[in-house]
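What follows is the content of final_0.txt, which has compact mmCIF, C-alpha atoms:
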```txt
# COMPACT_ATOMS: atom_id res chain seq x y z
CA MET A 990 -49.86 62.12 42.71
CA ARG A 991 -49.62 63.66 46.14
CA PRO A 992 -50.32 61.22 48.96
CA THR A 993 -53.08 62.24 51.30
CA VAL A 994 -52.53 62.50 55.04
CA ALA A 995 -54.96 59.63 55.51
CA ASP A 996 -52.74 57.40 53.32
CA ALA A 997 -49.65 58.11 55.37
CA ARG A 998 -51.45 57.51 58.64
CA THR A 999 -52.92 54.15 57.75
CA SER A 1000 -50.19 52.61 55.60
CA PRO A 1001 -46.71 53.49 54.34
CA VAL A 1002 -46.52 55.83 51.35
CA ILE A 1003 -44.17 54.43 48.71
CA ARG A 1004 -43.25 56.24 45.52
CA VAL A 1005 -40.74 55.40 42.76
CA GLN A 1006 -40.43 58.36 40.41
CA SER A 1007 -38.08 60.21 38.09
CA GLU A 1008 -39.09 63.66 39.29
CA ASP A 1009 -37.61 65.38 42.33
CA PHE A 1010 -39.35 65.53 45.72
CA ASP A 1011 -39.76 68.33 48.24
CA VAL A 1012 -38.76 67.25 51.76
CA ALA A 1013 -40.74 70.02 53.51
CA ALA A 1014 -43.86 69.23 51.47
CA GLU A 1015 -43.60 65.54 52.34
CA ILE A 1016 -43.30 66.35 56.06
CA ALA A 1017 -46.29 68.70 55.82
CA ALA A 1018 -48.35 66.08 53.98
CA LEU A 1019 -47.55 63.52 56.66
CA ALA A 1020 -47.97 65.67 59.77
CA GLY A 1021 -50.39 68.41 58.74
CA GLY A 1022 -53.44 68.67 61.03
CA ARG A 1023 -52.28 65.89 63.33
CA THR A 1024 -51.58 66.02 67.05
CA ASP A 1025 -50.42 62.44 67.69
CA ILE A 1026 -46.92 62.77 66.22
CA GLY A 1027 -44.12 63.57 68.63
CA ALA A 1028 -41.11 62.88 66.40
CA ILE A 1029 -40.32 63.01 62.70
CA VAL A 1030 -36.98 61.78 61.36
CA THR A 1031 -36.09 62.35 57.71
CA PHE A 1032 -33.20 60.91 55.74
CA THR A 1033 -32.35 62.39 52.35
CA GLY A 1034 -29.77 60.73 50.11
CA LEU A 1035 -28.15 63.03 47.54
CA CYS A 1036 -25.94 62.52 44.51
CA ARG A 1037 -22.31 63.53 45.23
CA ASP A 1038 -19.75 64.46 42.59
CA GLU A 1039 -16.95 62.29 44.10
CA GLY A 1040 -14.50 65.16 44.28
CA GLY A 1041 -15.56 66.67 40.97
CA ARG A 1042 -15.20 63.42 39.03
CA LEU A 1043 -18.89 62.80 38.27
CA ALA A 1044 -21.27 64.67 35.96
CA ALA A 1045 -24.24 62.54 37.07
CA LEU A 1046 -25.47 59.20 38.33
CA GLU A 1047 -27.91 57.15 36.29
CA LEU A 1048 -30.27 55.00 38.32
CA GLU A 1049 -31.79 51.96 36.64
CA HIS A 1050 -34.64 50.18 38.42
CA TYR A 1051 -36.92 47.18 38.06
CA PRO A 1052 -40.40 48.67 37.63
CA GLY A 1053 -43.00 46.78 39.59
CA MET A 1054 -40.49 45.07 41.85
CA ALA A 1055 -38.97 48.32 43.17
CA GLU A 1056 -42.27 49.54 44.63
CA GLY A 1057 -43.11 46.11 46.00
CA GLU A 1058 -39.73 45.59 47.65
CA ILE A 1059 -39.75 49.03 49.30
CA ALA A 1060 -43.29 48.30 50.51
CA ARG A 1061 -42.13 45.01 52.05
CA VAL A 1062 -39.31 46.79 53.91
CA ALA A 1063 -41.74 49.50 55.05
CA GLN A 1064 -44.23 46.92 56.31
CA GLU A 1065 -41.45 45.28 58.31
CA ALA A 1066 -40.47 48.66 59.80
CA ALA A 1067 -44.10 49.30 60.74
CA ARG A 1068 -44.23 45.88 62.39
CA ARG A 1069 -41.07 46.50 64.44
CA TRP A 1070 -41.70 50.07 65.63
CA PRO A 1071 -44.85 51.95 66.74
CA LEU A 1072 -44.87 54.35 63.77
CA THR A 1073 -47.55 56.94 63.13
CA GLY A 1074 -46.40 57.56 59.57
CA LEU A 1075 -43.84 56.37 57.05
CA VAL A 1076 -42.91 57.70 53.60
CA ALA A 1077 -40.27 56.30 51.24
CA ILE A 1078 -39.51 57.90 47.86
CA HIS A 1079 -36.79 56.65 45.50
CA ARG A 1080 -35.90 58.38 42.24
CA TYR A 1081 -34.63 56.82 39.02
CA GLY A 1082 -33.11 58.19 35.83
CA LEU A 1083 -30.32 60.73 35.46
CA ILE A 1084 -29.53 62.53 38.73
CA ARG A 1085 -26.90 65.25 38.95
CA PRO A 1086 -24.62 66.10 41.90
CA GLY A 1087 -26.53 67.99 44.57
CA GLU A 1088 -29.88 66.50 43.55
CA ASN A 1089 -32.00 64.20 45.69
CA ILE A 1090 -32.00 60.42 45.22
CA VAL A 1091 -33.96 58.96 48.12
CA LEU A 1092 -36.16 60.13 50.99
CA VAL A 1093 -37.37 58.35 54.10
CA VAL A 1094 -39.70 60.07 56.57
CA ALA A 1095 -40.50 58.16 59.75
CA ALA A 1096 -42.96 59.51 62.33
CA SER A 1097 -43.73 58.23 65.80
CA ALA A 1098 -44.91 59.42 69.20
CA HIS A 1099 -41.30 59.33 70.46
CA ARG A 1100 -37.93 59.91 68.83
CA ARG A 1101 -36.23 56.54 69.30
CA ALA A 1102 -38.69 54.62 67.12
CA ALA A 1103 -38.51 57.28 64.40
CA PHE A 1104 -34.69 57.31 64.35
CA GLU A 1105 -34.41 53.51 64.31
CA ALA A 1106 -37.11 52.98 61.69
CA ALA A 1107 -35.50 55.49 59.30
CA ASP A 1108 -32.08 53.84 59.79
CA PHE A 1109 -33.59 50.37 59.23
CA MET A 1110 -35.40 51.53 56.09
CA MET A 1111 -32.19 52.86 54.53
CA ASP A 1112 -30.13 49.77 55.38
CA PHE A 1113 -32.67 47.51 53.69
CA LEU A 1114 -33.40 49.84 50.76
CA LYS A 1115 -29.71 49.85 49.83
CA SER A 1116 -29.39 46.07 49.66
CA ARG A 1117 -32.92 44.91 48.79
CA ALA A 1118 -34.59 47.49 46.55
CA PRO A 1119 -33.81 46.77 42.87
CA PHE A 1120 -31.91 49.90 41.84
CA TRP A 1121 -28.51 50.09 40.16
CA LYS A 1122 -26.29 53.16 39.93
CA ARG A 1123 -24.08 53.92 36.98
CA GLU A 1124 -21.53 56.71 37.00
CA HIS A 1125 -21.43 59.35 34.27
CA PRO A 1126 -17.89 60.79 34.42
CA ARG A 1127 -17.38 64.49 33.81
CA GLU A 1128 -14.71 63.54 31.26
CA GLY A 1129 -17.32 61.72 29.19
CA GLY A 1130 -17.38 58.14 28.00
CA ALA A 1131 -19.30 55.18 29.32
CA GLY A 1132 -19.09 55.15 33.08
CA ALA A 1133 -18.83 52.13 35.35
CA TRP A 1134 -21.64 50.51 37.29
CA VAL A 1135 -21.27 51.23 41.00
CA GLU A 1136 -20.22 48.08 42.86
CA ALA A 1137 -22.15 46.96 45.91
CA LYS A 1138 -20.23 47.33 49.16
CA ASP A 1139 -19.84 44.43 51.57
CA GLU A 1140 -20.44 46.87 54.42
CA ASP A 1141 -23.95 47.57 53.06
CA GLU A 1142 -24.80 43.85 53.14
CA ASP A 1143 -23.12 43.52 56.55
CA ALA A 1144 -25.24 46.40 57.88
CA LEU A 1145 -28.35 44.21 57.62
CA GLY A 1146 -26.94 42.11 60.46
CA ARG A 1147 -27.50 45.05 62.82
CA TRP A 1148 -31.24 44.31 62.70
CA ASP A 1149 -31.25 40.54 63.34
CA MET B 281 -43.04 25.74 29.95
CA SER B 282 -41.87 29.09 28.60
CA VAL B 283 -40.98 31.93 30.92
CA LYS B 284 -40.17 35.61 30.48
CA VAL B 285 -36.61 36.34 31.61
CA VAL B 286 -35.53 39.93 32.26
CA TYR B 287 -32.05 41.36 32.86
CA PHE B 288 -30.86 44.56 34.51
CA ALA B 289 -27.74 46.75 34.69
CA TRP B 290 -24.54 45.04 33.51
CA LEU B 291 -26.26 41.68 32.97
CA ARG B 292 -28.58 43.41 30.48
CA GLU B 293 -25.62 45.07 28.78
CA ARG B 294 -23.51 41.92 28.58
CA ILE B 295 -26.38 39.81 27.19
CA GLY B 296 -27.41 42.64 24.87
CA LYS B 297 -31.15 42.57 25.48
CA PRO B 298 -33.48 43.55 28.32
CA GLU B 299 -35.77 40.52 28.13
CA GLU B 300 -36.57 37.35 26.24
CA THR B 301 -38.73 34.26 26.42
CA ILE B 302 -36.93 31.07 27.40
CA ASP B 303 -38.10 27.47 27.19
CA PRO B 304 -36.05 25.78 29.90
CA PRO B 305 -35.20 22.17 29.00
CA ALA B 306 -36.22 19.30 31.26
CA GLY B 307 -34.03 19.16 34.33
CA VAL B 308 -33.86 22.93 34.72
CA THR B 309 -35.93 23.31 37.86
CA THR B 310 -34.26 26.00 39.99
CA ILE B 311 -32.86 29.52 39.62
CA ALA B 312 -29.31 28.08 39.72
CA ASP B 313 -30.22 25.54 37.01
CA LEU B 314 -31.65 28.31 34.82
CA ALA B 315 -28.56 30.51 35.30
CA ALA B 316 -26.33 27.58 34.28
CA HIS B 317 -28.55 26.88 31.25
CA LEU B 318 -28.42 30.54 30.17
CA ALA B 319 -24.63 30.64 30.63
CA GLY B 320 -24.40 27.96 27.93
CA LEU B 321 -26.39 29.88 25.30
CA GLY B 322 -23.45 31.84 23.92
CA GLU B 323 -20.38 33.82 24.84
CA GLU B 324 -22.38 36.94 25.80
CA TYR B 325 -24.37 34.81 28.26
CA ALA B 326 -21.21 33.11 29.53
CA TYR B 327 -19.77 36.59 30.18
CA ALA B 328 -22.90 37.75 32.02
CA PHE B 329 -22.96 34.64 34.22
CA GLU B 330 -19.17 34.18 34.54
CA ASN B 331 -19.44 34.66 38.31
CA PRO B 332 -22.84 33.16 39.16
CA SER B 333 -22.34 33.60 42.90
CA ILE B 334 -22.75 37.38 42.60
CA VAL B 335 -25.79 37.31 40.30
CA ARG B 336 -29.08 37.93 42.10
CA ALA B 337 -32.50 36.74 40.98
CA ALA B 338 -36.19 37.37 41.47
CA ILE B 339 -39.23 35.25 40.65
CA ASP B 340 -42.35 37.23 39.81
CA ARG B 341 -40.72 40.36 41.26
CA VAL B 342 -39.79 38.85 44.64
CA HIS B 343 -36.18 38.03 45.61
CA ALA B 344 -35.35 34.36 45.06
CA LYS B 345 -32.40 32.25 46.21
CA PRO B 346 -30.42 29.98 43.84
CA ASP B 347 -32.27 26.85 45.04
CA ALA B 348 -35.74 28.39 44.54
CA PRO B 349 -37.93 26.30 42.20
CA ILE B 350 -38.98 28.06 38.99
CA ALA B 351 -42.06 25.94 38.22
CA GLY B 352 -45.04 28.20 37.58
CA ALA B 353 -42.98 31.38 37.37
CA ARG B 354 -44.23 34.02 34.94
CA GLU B 355 -41.22 36.36 35.10
CA ILE B 356 -37.70 35.60 36.26
CA ALA B 357 -35.16 38.42 36.67
CA PHE B 358 -31.37 38.30 36.90
CA PHE B 359 -29.42 41.32 38.09
CA PRO B 360 -26.25 42.42 39.91
CA PRO B 361 -26.16 43.20 43.65
CA MET B 362 -28.30 46.27 44.20
CA THR B 363 -26.77 49.72 44.67
CA GLY B 364 -29.73 52.02 45.34
CA GLY B 365 -30.35 54.24 48.31
```

Step by step, read the file and then write its structure as structure tokens.
Amino acid sequence: MRPTVADARTSPVIRVQSEDFDVAAEIAALAGGRTDIGAIVTFTGLCRDEGGRLAALELEHYPGMAEGEIARVAQEAARRWPLTGLVAIHRYGLIRPGENIVLVVAASAHRRAAFEAADFMMDFLKSRAPFWKREHPREGGAGAWVEAKDEDEDALGRWD
Amino acid sequence: MSVKVVYFAWLRERIGKPEETIDPPAGVTTIADLAAHLAGLGEEYAYAFENPSIVRAAIDRVHAKPDAPIAGAREIAFFPPMTGG
């Protein structure tokens, strides 16, 4: 379901989906017909092949909690910065190298708030949204679950 | 009091099922108590909870700390540290 512009303006748009997203279409849906936005920052996270080693990543998620947790992070971002729009989309399922995993679009009147809100969203999504990555090696066989990095947890301290 | 318990990622694989209904015995009142109770249910559970300090939990789909009380919970989840984004 495509979010309407009115949705994005009044409250964050959160989607957890298996299908891909279109970054340009999400920007257009957020900003189309508006004259109050002075800055849009987007972050797109993609699947890498780790030097040719990976055939795909499999993303498991906790349905119901994933949406709610991203919404909580988005509400906190909207409380901290004067945003005029915020979109967060996270995919699940099998994702191949070069494909999109996650999108954050933050809009504001001025650039600083948009940059900081997008950065904040990604730091908290990585450590708070219930998603787990498993590697599918090109050589076949059962791949390993990706281990959480201490630096991701440490990054949350930037926002205290 | 019975409660639905759900598992994700390698906890789900180690235990061998995605969810089950548990009747916690008297004295099991927190997330940490429940994790310790589950760890005693068999070797697959002991393996899943062998390092309880890294296992994360949620009560009714909201993050919960080890000392969080489980009374009244409808759904309790256990899972590894998250690796999305």

Worksheet entry | 9 Å contacts from chain B to chain A using all atoms listed in the file, as a PyMOL selection string | chain B and resi 288-290+338+340-343+359-365

Worksheet item: Counting only C-alpha atoms, which residues come within 7 Å of (-41.7, 55.0, 51.5), with the point read in the file's coordinates, and could you list them as a count of residues only?
Response: 12

Item to complete: Find the distance between CA of Ala312 (chain B) and CA of Gly352 (chain B) and write it in Å to one decimal.
Response: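 Computing the Euclidean distance for CA of Ala312 (chain B) and CA of Gly352 (chain B) yields 15.9 Å.
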
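When CA of Ala1013 (chain A) is paired with CA of His1125 (chain A), their separation reads 29.3 Å.
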
Worksheet entry | Distance query Leu291 (chain B) at most 10 Å, all atoms listed in the file, self and fewer than 3 positions along chain excluded, as a list in words |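 Those residues are Val286, Tyr287, Phe288, Arg294, Ile295, Gly296, Lys297, Pro298, Glu324, Tyr325, Tyr327, Ala328, Phe329, Val335, Phe358, Phe359 and Pro360 of chain B.
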
Expected file: the selected residues, C-alpha atoms, as a compact mmCIF listing (two decimals), in the coordinates of the input:
```
# COMPACT_ATOMS: atom_id res chain seq x y z
CA VAL B 286 -35.53 39.93 32.26
CA TYR B 287 -32.05 41.36 32.86
CA PHE B 288 -30.86 44.56 34.51
CA ARG B 294 -23.51 41.92 28.58
CA ILE B 295 -26.38 39.81 27.19
CA GLY B 296 -27.41 42.64 24.87
CA LYS B 297 -31.15 42.57 25.48
CA PRO B 298 -33.48 43.55 28.32
CA GLU B 324 -22.38 36.94 25.80
CA TYR B 325 -24.37 34.81 28.26
CA TYR B 327 -19.77 36.59 30.18
CA ALA B 328 -22.90 37.75 32.02
CA PHE B 329 -22.96 34.64 34.22
CA VAL B 335 -25.79 37.31 40.30
CA PHE B 358 -31.37 38.30 36.90
CA PHE B 359 -29.42 41.32 38.09
CA PRO B 360 -26.25 42.42 39.91
```

Practice prompt. Quick one: everything within 10 Å of Pro304 (chain B), counting only C-alpha atoms, minus sequence neighbours fewer than 4 positions away in the same chain. Send it as a count of residues only.
Written response: 10

Worksheet entry | Which residue of A:Glu1039, A:Glu1008, A:Glu1105, A:Glu1140 approaches Gly1087 (chain A) most closely, using all atoms listed in the file | A:Glu1039

Worksheet item: For Glu299 (chain B), which residue out of B:Ile339, B:Ile356, B:Ala348, B:Ile334 is the nearest one, using only C-alpha atoms?
Response: B:Ile356

With 6 Å on each side, where is the centre of the axis-aligned box around all listed atoms of region 1056-1069 of chain A, and how long are its edges in Å to one decimal, as JSON?
```
{"center_x": -41.8, "center_y": 47.3, "center_z": 54.5, "size_x": 16.9, "size_y": 16.5, "size_z": 31.8}
```

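Here CA of Pro349 (chain B) is placed at a distance of 27.3 Å from CA of Asp1139 (chain A).
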
Discussion item. Which residues are close to Ala1020 (chain A), i.e. within 10 Å by only C-alpha atoms, leaving aside same-chain residues fewer than 3 positions away? Reply as a list in words.
Written reply: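 Once the nearby chain positions are removed, what remains is Val994, Ala997, Arg998, Ala1014, Glu1015, Ile1016, Ala1017, Arg1023, Thr1024, Asp1025, Ile1026, Gly1027, Ala1028, Ile1029, Thr1073, Gly1074 and Ala1096 of chain A.
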
Worksheet item: Which of these, A:Glu1047, A:Asp1143, A:Glu1128, A:Glu1065, has the shortest distance to Ala1107 (chain A) once you count all atoms listed in the file?
Response: A:Glu1065

Worksheet item: Counting all atoms listed in the file, which of A:Ala1144, A:Val1094, A:Ala1131, A:Ala1103 gets nearest to Asp1011 (chain A)?
Response: A:Val1094
